[in-house]
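Structure record follows, encoded as structure tokens.
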Amino acid sequence: MKKLFVKTYGCQMNAYDSARMADLLAPLGYGPSDTPDGADMVILNTCHIREKAAEKVYSEIGRLRTLKAQKAESGGQMLLAVAGCVAQAEGEEIVARAPAVDLVVGPQSYHRLPEMIARFARDGGHPLAADFPALEKFDALVETKETGISAFLTVQEGCDKFCTFCVVPYTRGPEHSRDPEAVLAEARHLVDLGARELVLLGQNVNAYDGGGWTLARLCEGLARIDGLERIRYTTSHPRDMSDDLIAAHRDNDKLMPYLHLPVQSGSDAVLEAMNRKHAADDYRRIIERLRAARPDMALTSDFIVGFPGESDADFEATMQLVRDVGFATAFSFKYSKRPGTPAAALRKQVAEDVKSARLEALQALLTRQQHEFDDSQIGRTLPVLFEKPGRDEGQLVGRTPYLQPVHVQMPAEMIGRIADIRIERRTANSLHGSPI
């Protein structure tokens, strides 16, 4: 059997895509490898969101070029493919700059990998596929052969929002929702394989529109699948937080009380410059409605500090929004330019030391809120879905409805099952408890 190594950068959708690429290549005789050493094919599934993302990919290609040469010296061959959003954004540049790369495939075209491999074997060269045939991609997916207790399921891709700091509309294409019956069929298959929790993925997952099916209706259909215990979804946009989806958090017992809803800033001036098309108070009102529907809702968000033109008052508005809402956890980053985005051309760039100081202050506040939220669970009894063995002998790790990891001394046969756990203490990023 040939060996396949996939290195995944970035988001959960990339993790889903990496698994599906492995599924596609299995019929060609490729089995998984934990390292690139000795692999017959290496795929770098890239992300274009973070700073210097492309340069990190080129650096990795440089390291793999050596392995590829060593394999060739011993009479073998290593195919090297670059996939994902960097491939989409810079495909022609990769072909010109990195001759060690054999295949370049965008995130909407990876279903063509078997064809591209065959073409490379026949003709050589640098096959490049970087268009946006999303419907064709999903139609070509093969059935997953294995899954974990919690499984990702892509239901929506692409973005029509065009936030000024973001490259996703240019690398993932316009918004496209999968056919609901196809989603339900894949969900049933994943549950048959052992999944007990599904995490629905999309760049704007709550914009899902499957021929009149909203995300709330899709979750309702998923909830009727026997054996499926929990449903989550990510990532959402405030503009698409609809009435029926808020009501679903009240009415659908399998929809977890946990929501990742990025706001990015608490300043209306910055939000306008970002083209977010919502104000800070719009976000506050959404949170009020969510908590009215589901009082125990745990909220997470994304924040960008130091966006061009952000003043001290703008940053304080972000800090105030965080204090007003109270987050279970959150992700925060310094603004960095993305070539080709409107924000990269703005003149009022914030000094790096100012961005660093603001990020430190914001993260201190968010960490304090996370610890307060975790501490609030101590003494409670929570249903925990166990996913895998822990580090210690006889220990399992599971998650609460609020996505908190919990370490418990439990027998291995509890993996895939839910048990009531009394939470006793917390450590930096997890909880510990005992079975009732």
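Identifiers in this document derive from the order of the structure tokens: chains are assigned A, B, ..., residues are numbered from 1 separately in each chain, and ligands are numbered from 1 in order of occurrence.
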For Gly390 in chain A, please output as a count of residues only all residues within 9 Å (counting only C-alpha atoms; exclusion window: fewer than 5 positions along the same chain). 6
Nearby residues (only C-alpha atoms) at most 12 Å from Leu403 in chain A, same-chain spacing under 3 positions excluded, as a JSON list (two decimals) with N, CA and C atoms, in the first residue's frame:
[["chain", "number", "residue", "atom", "x", "y", "z"],
["A", 150, "SER", "N", -17.10, 12.60, 17.70],
["A", 150, "SER", "CA", -17.56, 13.89, 17.18],
["A", 150, "SER", "C", -17.03, 14.05, 15.77],
["A", 197, "GLU", "N", -21.92, 12.90, 17.82],
["A", 197, "GLU", "CA", -22.06, 14.37, 17.75],
["A", 197, "GLU", "C", -21.64, 14.81, 16.36],
["A", 199, "VAL", "N", -20.73, 18.27, 14.05],
["A", 199, "VAL", "CA", -20.42, 19.69, 14.03],
["A", 199, "VAL", "C", -20.60, 20.16, 12.59],
["A", 230, "ARG", "N", -25.88, 14.83, 19.77],
["A", 230, "ARG", "CA", -25.59, 16.25, 19.88],
["A", 230, "ARG", "C", -25.35, 16.87, 18.51],
["A", 231, "ILE", "N", -25.76, 18.14, 18.38],
["A", 231, "ILE", "CA", -25.54, 18.92, 17.15],
["A", 231, "ILE", "C", -24.91, 20.25, 17.54],
["A", 232, "ARG", "N", -23.88, 20.62, 16.82],
["A", 232, "ARG", "CA", -23.26, 21.94, 16.95],
["A", 232, "ARG", "C", -23.06, 22.52, 15.55],
["A", 233, "TYR", "N", -22.76, 23.80, 15.47],
["A", 233, "TYR", "CA", -22.47, 24.40, 14.16],
["A", 233, "TYR", "C", -21.50, 25.56, 14.34],
["A", 256, "MET", "N", -26.82, 21.97, 20.92],
["A", 256, "MET", "CA", -26.10, 22.31, 22.15],
["A", 256, "MET", "C", -26.17, 23.81, 22.46],
["A", 257, "PRO", "N", -26.16, 24.16, 23.76],
["A", 257, "PRO", "CA", -26.22, 25.56, 24.18],
["A", 257, "PRO", "C", -24.84, 26.22, 24.11],
["A", 258, "TYR", "N", -24.30, 26.24, 22.92],
["A", 258, "TYR", "CA", -22.95, 26.74, 22.70],
["A", 258, "TYR", "C", -22.93, 27.38, 21.32],
["A", 259, "LEU", "N", -22.48, 28.61, 21.23],
["A", 259, "LEU", "CA", -22.53, 29.32, 19.95],
["A", 259, "LEU", "C", -21.27, 30.15, 19.75],
["A", 260, "HIS", "N", -20.62, 29.91, 18.61],
["A", 260, "HIS", "CA", -19.49, 30.76, 18.20],
["A", 260, "HIS", "C", -20.02, 31.81, 17.24],
["A", 297, "MET", "N", -26.89, 29.59, 27.60],
["A", 297, "MET", "CA", -26.09, 29.62, 26.39],
["A", 297, "MET", "C", -24.66, 30.09, 26.67],
["A", 298, "ALA", "N", -23.68, 29.29, 26.23],
["A", 298, "ALA", "CA", -22.27, 29.66, 26.32],
["A", 298, "ALA", "C", -21.87, 30.29, 24.99],
["A", 299, "LEU", "N", -21.24, 31.44, 25.07],
["A", 299, "LEU", "CA", -20.92, 32.21, 23.86],
["A", 299, "LEU", "C", -19.41, 32.33, 23.67],
["A", 300, "THR", "N", -19.00, 32.20, 22.42],
["A", 300, "THR", "CA", -17.62, 32.46, 22.05],
["A", 300, "THR", "C", -17.62, 33.41, 20.86],
["A", 328, "ALA", "N", -17.66, 32.62, 27.27],
["A", 328, "ALA", "CA", -17.10, 31.39, 27.83],
["A", 328, "ALA", "C", -15.66, 31.20, 27.38],
["A", 329, "THR", "N", -15.39, 31.62, 26.18],
["A", 329, "THR", "CA", -14.03, 31.64, 25.63],
["A", 329, "THR", "C", -14.08, 32.49, 24.37],
["A", 373, "PHE", "N", -16.28, 31.39, 33.87],
["A", 373, "PHE", "CA", -17.29, 30.48, 33.34],
["A", 373, "PHE", "C", -16.99, 29.04, 33.76],
["A", 374, "ASP", "N", -15.73, 28.63, 33.66],
["A", 374, "ASP", "CA", -15.38, 27.27, 34.07],
["A", 374, "ASP", "C", -15.63, 27.07, 35.56],
["A", 382, "LEU", "N", -23.17, 17.61, 35.11],
["A", 382, "LEU", "CA", -23.35, 17.89, 33.68],
["A", 382, "LEU", "C", -23.27, 16.60, 32.88],
["A", 383, "PRO", "N", -24.06, 16.50, 31.81],
["A", 383, "PRO", "CA", -23.94, 15.34, 30.92],
["A", 383, "PRO", "C", -22.68, 15.48, 30.06],
["A", 384, "VAL", "N", -21.82, 14.50, 30.11],
["A", 384, "VAL", "CA", -20.54, 14.53, 29.39],
["A", 384, "VAL", "C", -20.52, 13.41, 28.36],
["A", 385, "LEU", "N", -20.25, 13.77, 27.11],
["A", 385, "LEU", "CA", -20.08, 12.79, 26.04],
["A", 385, "LEU", "C", -18.60, 12.44, 25.94],
["A", 386, "PHE", "N", -18.27, 11.17, 26.20],
["A", 386, "PHE", "CA", -16.87, 10.76, 26.23],
["A", 386, "PHE", "C", -16.38, 10.41, 24.83],
["A", 387, "GLU", "N", -15.19, 10.96, 24.49],
["A", 387, "GLU", "CA", -14.69, 10.88, 23.13],
["A", 387, "GLU", "C", -13.45, 10.01, 22.97],
["A", 397, "VAL", "N", -11.61, 11.33, 28.34],
["A", 397, "VAL", "CA", -11.88, 12.75, 28.12],
["A", 397, "VAL", "C", -13.19, 12.88, 27.36],
["A", 398, "GLY", "N", -14.06, 13.71, 27.87],
["A", 398, "GLY", "CA", -15.31, 14.01, 27.19],
["A", 398, "GLY", "C", -15.56, 15.49, 27.17],
["A", 399, "ARG", "N", -16.76, 15.88, 26.70],
["A", 399, "ARG", "CA", -17.09, 17.31, 26.65],
["A", 399, "ARG", "C", -18.49, 17.55, 27.21],
["A", 400, "THR", "N", -18.60, 18.68, 27.88],
["A", 400, "THR", "CA", -19.89, 19.12, 28.38],
["A", 400, "THR", "C", -20.71, 19.68, 27.22],
["A", 406, "VAL", "N", -13.56, 17.53, 29.77],
["A", 406, "VAL", "CA", -13.65, 17.04, 31.15],
["A", 406, "VAL", "C", -12.86, 15.73, 31.26],
["A", 429, "ASN", "N", -7.29, 24.83, 31.19],
["A", 429, "ASN", "CA", -8.18, 24.80, 30.03],
["A", 429, "ASN", "C", -9.14, 23.63, 30.03],
["A", 430, "SER", "N", -9.33, 22.99, 31.16],
["A", 430, "SER", "CA", -10.24, 21.84, 31.21],
["A", 430, "SER", "C", -10.81, 21.68, 32.60],
["A", 431, "LEU", "N", -11.77, 20.76, 32.72],
["A", 431, "LEU", "CA", -12.42, 20.45, 33.97],
["A", 431, "LEU", "C", -12.12, 19.02, 34.38]]
Grab the CA of Glu181 in chain A to CA of Cys219 in chain A distance for me, in Å with one decimal place.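 It comes out at 12.2 Å.
Excluding range 353-370 of chain A itself and same-chain residues fewer than 6 positions from it, the residues having an atom within 7 Å of it are Val305, Gly306, Met319, Gly326, Phe327, Ala328, Thr329, Ala330, Ser332, Phe333 and Lys334 of chain A, counting only C-alpha atoms.
Distances to Trp213 in chain A were evaluated for A:Glu229, A:Val322, A:Gly31, A:Pro180 using only C-alpha atoms, and the minimum falls at A:Pro180.
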Could you tell me which of A:Ser336, A:Gln320, A:Gln203, A:Ser177 comes closest to Gln349 in chain A if we count only C-alpha atoms?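 The shortest atom-to-atom distance to Gln349 in chain A comes from A:Ser336.
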